[in-house]
Amino acid sequence: MSFDVVLLIVLIVAGVCFFRRLDSSVYFIASLDIFFRILTFLKDNLGVAEISTFISKYFPESIPSVIYKYTDGIISTCLIWIYVGMYAVFLFYTVRILWHKR
């Protein structure tokens, strides 16, 4: 098992255990995925080899990239649907907060 999947599992389990409410856990997982995507953008566009190598070695590109790297078939399909459902809940919470601030 690679460092990226271990890091992802530890962070998600710690986040879910630390944030006991569903909305906090969803925000944590979505924020983690957004953070990984920002790191991937920096890796691709900074042009500094040392930073790109460090990011490639220790951080996954996104949560779906880890899912597709280590699973296949029906398991990856189920995990991606859970991921999409989690982002649907994230969108619901975000829109609800924005609607109440209006």
# chains A, B, ... in the order shown; residues from 1 in each chain; ligands from 1
call {"tool": "residues_around", "arguments": {"residues": "A:Ala88", "least_positions_apart": "4", "cutoff": "12 Å", "atoms": "only C-alpha atoms", "output": "mmCIF file with N, CA and C atoms, in the first residue's frame"}}
result
data_model
loop_
_atom_site.group_PDB
_atom_site.id
_atom_site.type_symbol
_atom_site.label_atom_id
_atom_site.label_comp_id
_atom_site.auth_asym_id
_atom_site.auth_seq_id
_atom_site.Cartn_x
_atom_site.Cartn_y
_atom_site.Cartn_z
ATOM 1 N N ASP A 23 -22.463 17.003 8.707
ATOM 2 C CA ASP A 23 -22.078 18.163 7.920
ATOM 3 C C ASP A 23 -20.604 18.504 8.103
ATOM 4 N N VAL A 26 -18.573 15.930 6.119
ATOM 5 C CA VAL A 26 -18.671 16.184 4.675
ATOM 6 C C VAL A 26 -17.796 17.373 4.293
ATOM 7 N N TYR A 27 -17.843 18.439 5.075
ATOM 8 C CA TYR A 27 -16.989 19.599 4.793
ATOM 9 C C TYR A 27 -15.513 19.221 4.869
ATOM 10 N N ALA A 30 -14.624 17.070 1.708
ATOM 11 C CA ALA A 30 -14.618 17.917 0.513
ATOM 12 C C ALA A 30 -13.437 18.880 0.539
ATOM 13 N N TRP A 81 -19.665 6.384 -6.465
ATOM 14 C CA TRP A 81 -21.030 6.844 -6.202
ATOM 15 C C TRP A 81 -21.163 7.392 -4.781
ATOM 16 N N ILE A 82 -20.476 6.797 -3.826
ATOM 17 C CA ILE A 82 -20.456 7.342 -2.466
ATOM 18 C C ILE A 82 -19.797 8.721 -2.477
ATOM 19 N N TYR A 83 -18.715 8.852 -3.225
ATOM 20 C CA TYR A 83 -18.012 10.128 -3.369
ATOM 21 C C TYR A 83 -18.933 11.187 -3.991
ATOM 22 N N VAL A 84 -19.653 10.822 -5.033
ATOM 23 C CA VAL A 84 -20.582 11.755 -5.682
ATOM 24 C C VAL A 84 -21.716 12.120 -4.724
ATOM 25 N N PHE A 92 -25.467 20.676 -1.143
ATOM 26 C CA PHE A 92 -26.683 21.025 -0.421
ATOM 27 C C PHE A 92 -26.362 21.919 0.776
ATOM 28 N N TYR A 93 -25.390 21.537 1.589
ATOM 29 C CA TYR A 93 -25.028 22.342 2.764
ATOM 30 C C TYR A 93 -24.507 23.718 2.360
ATOM 31 N N THR A 94 -23.707 23.776 1.301
ATOM 32 C CA THR A 94 -23.154 25.052 0.857
ATOM 33 C C THR A 94 -24.245 25.976 0.348
ATOM 34 N N VAL A 95 -25.165 25.455 -0.465
ATOM 35 C CA VAL A 95 -26.262 26.276 -0.989
ATOM 36 C C VAL A 95 -27.177 26.718 0.145
#
call {"tool": "select_by_dssp", "arguments": {"residues": "chain A", "states": "helix (DSSP H, G or I)", "output": "compact mmCIF listing (two decimals) with N, CA and C atoms, in the first residue's frame"}}
result
# COMPACT_ATOMS: atom_id res chain seq x y z
N PHE A 3 1.92 5.39 0.20
CA PHE A 3 1.78 6.44 1.20
C PHE A 3 0.52 7.27 0.96
N ASP A 4 0.15 7.49 -0.30
CA ASP A 4 -1.01 8.33 -0.58
C ASP A 4 -2.31 7.73 -0.07
N VAL A 5 -2.48 6.42 -0.21
CA VAL A 5 -3.71 5.80 0.28
C VAL A 5 -3.71 5.74 1.81
N VAL A 6 -2.56 5.52 2.43
CA VAL A 6 -2.48 5.51 3.89
C VAL A 6 -2.80 6.90 4.42
N LEU A 7 -2.23 7.94 3.81
CA LEU A 7 -2.51 9.32 4.21
C LEU A 7 -3.99 9.63 4.08
N LEU A 8 -4.57 9.25 2.98
CA LEU A 8 -5.99 9.52 2.74
C LEU A 8 -6.88 8.81 3.76
N ILE A 9 -6.62 7.56 4.01
CA ILE A 9 -7.43 6.80 4.97
C ILE A 9 -7.29 7.37 6.38
N VAL A 10 -6.07 7.69 6.78
CA VAL A 10 -5.86 8.25 8.12
C VAL A 10 -6.56 9.59 8.26
N LEU A 11 -6.45 10.45 7.27
CA LEU A 11 -7.09 11.76 7.34
C LEU A 11 -8.61 11.66 7.36
N ILE A 12 -9.18 10.78 6.55
CA ILE A 12 -10.64 10.64 6.52
C ILE A 12 -11.14 10.03 7.83
N VAL A 13 -10.48 9.01 8.33
CA VAL A 13 -10.91 8.41 9.60
C VAL A 13 -10.76 9.40 10.74
N ALA A 14 -9.65 10.13 10.79
CA ALA A 14 -9.46 11.13 11.83
C ALA A 14 -10.51 12.24 11.72
N GLY A 15 -10.80 12.67 10.51
CA GLY A 15 -11.80 13.71 10.31
C GLY A 15 -13.19 13.27 10.72
N VAL A 16 -13.56 12.06 10.37
CA VAL A 16 -14.89 11.55 10.72
C VAL A 16 -14.98 11.33 12.23
N CYS A 17 -13.91 10.85 12.86
CA CYS A 17 -13.93 10.66 14.31
C CYS A 17 -13.91 12.00 15.05
N PHE A 18 -13.16 12.96 14.56
CA PHE A 18 -13.06 14.25 15.21
C PHE A 18 -14.34 15.07 15.02
N LEU A 22 -22.50 14.92 10.65
CA LEU A 22 -22.39 14.62 9.22
C LEU A 22 -21.92 15.83 8.43
N ASP A 23 -22.46 17.00 8.71
CA ASP A 23 -22.08 18.16 7.92
C ASP A 23 -20.60 18.50 8.10
N SER A 24 -20.08 18.38 9.31
CA SER A 24 -18.66 18.66 9.54
C SER A 24 -17.78 17.64 8.83
N SER A 25 -18.18 16.37 8.86
CA SER A 25 -17.41 15.33 8.17
C SER A 25 -17.42 15.55 6.66
N VAL A 26 -18.57 15.93 6.12
CA VAL A 26 -18.67 16.18 4.68
C VAL A 26 -17.80 17.37 4.29
N TYR A 27 -17.84 18.44 5.08
CA TYR A 27 -16.99 19.60 4.79
C TYR A 27 -15.51 19.22 4.87
N PHE A 28 -15.14 18.40 5.84
CA PHE A 28 -13.74 18.00 5.97
C PHE A 28 -13.28 17.20 4.76
N ILE A 29 -14.07 16.22 4.34
CA ILE A 29 -13.68 15.37 3.20
C ILE A 29 -13.64 16.19 1.92
N ALA A 30 -14.62 17.07 1.71
CA ALA A 30 -14.62 17.92 0.51
C ALA A 30 -13.44 18.88 0.54
N SER A 31 -13.14 19.44 1.70
CA SER A 31 -11.99 20.35 1.81
C SER A 31 -10.69 19.61 1.54
N LEU A 32 -10.59 18.38 2.02
CA LEU A 32 -9.40 17.57 1.77
C LEU A 32 -9.22 17.31 0.28
N ASP A 33 -10.30 16.99 -0.41
CA ASP A 33 -10.23 16.75 -1.84
C ASP A 33 -9.87 18.03 -2.59
N ILE A 34 -10.44 19.15 -2.19
CA ILE A 34 -10.11 20.43 -2.83
C ILE A 34 -8.63 20.77 -2.59
N PHE A 35 -8.13 20.50 -1.38
CA PHE A 35 -6.72 20.73 -1.08
C PHE A 35 -5.82 19.89 -1.99
N PHE A 36 -6.16 18.59 -2.17
CA PHE A 36 -5.37 17.74 -3.06
C PHE A 36 -5.39 18.27 -4.49
N ARG A 37 -6.53 18.77 -4.94
CA ARG A 37 -6.63 19.30 -6.30
C ARG A 37 -5.82 20.60 -6.46
N ILE A 38 -5.77 21.43 -5.42
CA ILE A 38 -4.94 22.64 -5.47
C ILE A 38 -3.47 22.26 -5.53
N LEU A 39 -3.06 21.27 -4.73
CA LEU A 39 -1.67 20.81 -4.79
C LEU A 39 -1.32 20.26 -6.17
N THR A 40 -2.25 19.54 -6.78
CA THR A 40 -2.02 19.02 -8.14
C THR A 40 -1.86 20.17 -9.13
N PHE A 41 -2.68 21.20 -9.00
CA PHE A 41 -2.56 22.36 -9.87
C PHE A 41 -1.19 23.02 -9.69
N LEU A 42 -0.76 23.19 -8.45
CA LEU A 42 0.56 23.79 -8.20
C LEU A 42 1.67 22.92 -8.77
N LYS A 43 1.55 21.61 -8.60
CA LYS A 43 2.55 20.69 -9.14
C LYS A 43 2.68 20.83 -10.65
N ASP A 44 1.54 20.95 -11.32
CA ASP A 44 1.54 21.02 -12.78
C ASP A 44 1.95 22.37 -13.33
N ASN A 45 1.75 23.45 -12.57
CA ASN A 45 1.93 24.79 -13.14
C ASN A 45 3.05 25.62 -12.54
N ALA A 49 10.93 21.73 -10.07
CA ALA A 49 11.02 20.28 -10.06
C ALA A 49 10.97 19.68 -8.65
N GLU A 50 11.62 20.34 -7.70
CA GLU A 50 11.66 19.82 -6.34
C GLU A 50 10.26 19.78 -5.71
N ILE A 51 9.50 20.85 -5.91
CA ILE A 51 8.14 20.91 -5.36
C ILE A 51 7.25 19.89 -6.06
N SER A 52 7.37 19.81 -7.37
CA SER A 52 6.56 18.85 -8.12
C SER A 52 6.85 17.42 -7.70
N THR A 53 8.12 17.10 -7.49
CA THR A 53 8.49 15.76 -7.05
C THR A 53 7.95 15.46 -5.65
N PHE A 54 8.07 16.43 -4.75
CA PHE A 54 7.57 16.25 -3.39
C PHE A 54 6.06 16.02 -3.38
N ILE A 55 5.33 16.84 -4.12
CA ILE A 55 3.87 16.70 -4.17
C ILE A 55 3.48 15.38 -4.82
N SER A 56 4.15 15.00 -5.89
CA SER A 56 3.84 13.72 -6.55
C SER A 56 4.11 12.53 -5.65
N LYS A 57 5.16 12.63 -4.83
CA LYS A 57 5.54 11.51 -3.99
C LYS A 57 4.62 11.35 -2.78
N TYR A 58 4.18 12.44 -2.17
CA TYR A 58 3.50 12.35 -0.89
C TYR A 58 2.00 12.67 -0.90
N ILE A 63 -9.23 12.41 -4.46
CA ILE A 63 -9.78 11.20 -3.88
C ILE A 63 -10.17 10.17 -4.96
N PRO A 64 -10.80 10.60 -6.08
CA PRO A 64 -11.09 9.61 -7.13
C PRO A 64 -9.84 8.96 -7.72
N SER A 65 -8.74 9.69 -7.80
CA SER A 65 -7.53 9.08 -8.34
C SER A 65 -7.03 7.96 -7.45
N VAL A 66 -7.18 8.10 -6.14
CA VAL A 66 -6.79 7.03 -5.22
C VAL A 66 -7.76 5.85 -5.36
N ILE A 67 -9.02 6.15 -5.49
CA ILE A 67 -10.02 5.07 -5.65
C ILE A 67 -9.73 4.26 -6.91
N TYR A 68 -9.49 4.94 -8.02
CA TYR A 68 -9.24 4.23 -9.28
C TYR A 68 -7.88 3.54 -9.30
N LYS A 69 -6.92 4.06 -8.52
CA LYS A 69 -5.58 3.46 -8.50
C LYS A 69 -5.58 2.12 -7.76
N TYR A 70 -6.39 2.00 -6.71
CA TYR A 70 -6.31 0.82 -5.87
C TYR A 70 -7.52 -0.11 -5.96
N ILE A 74 -16.69 -3.24 -9.68
CA ILE A 74 -17.86 -2.81 -8.93
C ILE A 74 -17.48 -2.05 -7.67
N ILE A 75 -16.34 -2.37 -7.07
CA ILE A 75 -15.91 -1.68 -5.86
C ILE A 75 -15.61 -0.21 -6.16
N SER A 76 -14.89 0.04 -7.23
CA SER A 76 -14.59 1.43 -7.58
C SER A 76 -15.86 2.18 -7.98
N THR A 77 -16.77 1.51 -8.64
CA THR A 77 -18.04 2.15 -9.01
C THR A 77 -18.82 2.53 -7.76
N CYS A 78 -18.91 1.63 -6.80
CA CYS A 78 -19.62 1.94 -5.55
C CYS A 78 -18.94 3.08 -4.79
N LEU A 79 -17.63 3.06 -4.70
CA LEU A 79 -16.91 4.12 -3.99
C LEU A 79 -17.06 5.47 -4.67
N ILE A 80 -17.06 5.49 -5.99
CA ILE A 80 -17.25 6.75 -6.70
C ILE A 80 -18.67 7.27 -6.50
N TRP A 81 -19.66 6.38 -6.47
CA TRP A 81 -21.03 6.84 -6.20
C TRP A 81 -21.16 7.39 -4.78
N ILE A 82 -20.48 6.80 -3.83
CA ILE A 82 -20.46 7.34 -2.47
C ILE A 82 -19.80 8.72 -2.48
N TYR A 83 -18.72 8.85 -3.22
CA TYR A 83 -18.01 10.13 -3.37
C TYR A 83 -18.93 11.19 -3.99
N VAL A 84 -19.65 10.82 -5.03
CA VAL A 84 -20.58 11.76 -5.68
C VAL A 84 -21.72 12.12 -4.72
N GLY A 85 -22.22 11.16 -3.99
CA GLY A 85 -23.25 11.44 -3.00
C GLY A 85 -22.74 12.39 -1.91
N MET A 86 -21.50 12.20 -1.49
CA MET A 86 -20.91 13.07 -0.50
C MET A 86 -20.80 14.50 -1.04
N TYR A 87 -20.43 14.65 -2.30
CA TYR A 87 -20.36 15.98 -2.89
C TYR A 87 -21.74 16.58 -3.11
N ALA A 88 -22.76 15.77 -3.33
CA ALA A 88 -24.13 16.28 -3.42
C ALA A 88 -24.57 16.83 -2.07
N VAL A 89 -24.23 16.14 -0.99
CA VAL A 89 -24.52 16.64 0.35
C VAL A 89 -23.74 17.92 0.62
N PHE A 90 -22.48 17.96 0.20
CA PHE A 90 -21.66 19.16 0.34
C PHE A 90 -22.28 20.34 -0.40
N LEU A 91 -22.76 20.10 -1.60
CA LEU A 91 -23.42 21.16 -2.37
C LEU A 91 -24.70 21.61 -1.67
N PHE A 92 -25.47 20.68 -1.14
CA PHE A 92 -26.68 21.03 -0.42
C PHE A 92 -26.36 21.92 0.78
N TYR A 93 -25.39 21.54 1.59
CA TYR A 93 -25.03 22.34 2.76
C TYR A 93 -24.51 23.72 2.36
N THR A 94 -23.71 23.78 1.30
CA THR A 94 -23.15 25.05 0.86
C THR A 94 -24.24 25.98 0.35
N VAL A 95 -25.17 25.45 -0.46
CA VAL A 95 -26.26 26.28 -0.99
C VAL A 95 -27.18 26.72 0.15
N ARG A 96 -27.43 25.84 1.10
CA ARG A 96 -28.27 26.20 2.24
C ARG A 96 -27.65 27.35 3.04
N ILE A 97 -26.35 27.29 3.26
CA ILE A 97 -25.67 28.38 3.98
C ILE A 97 -25.75 29.67 3.18
N LEU A 98 -25.50 29.60 1.90
CA LEU A 98 -25.56 30.81 1.07
C LEU A 98 -26.98 31.36 1.00
N TRP A 99 -27.96 30.48 0.97
CA TRP A 99 -29.36 30.93 0.91
C TRP A 99 -29.77 31.65 2.20
N HIS A 100 -29.31 31.12 3.34
CA HIS A 100 -29.66 31.75 4.62
C HIS A 100 -28.95 33.08 4.82
N LYS A 101 -27.81 33.29 4.19
CA LYS A 101 -27.08 34.55 4.32
C LYS A 101 -27.68 35.64 3.45
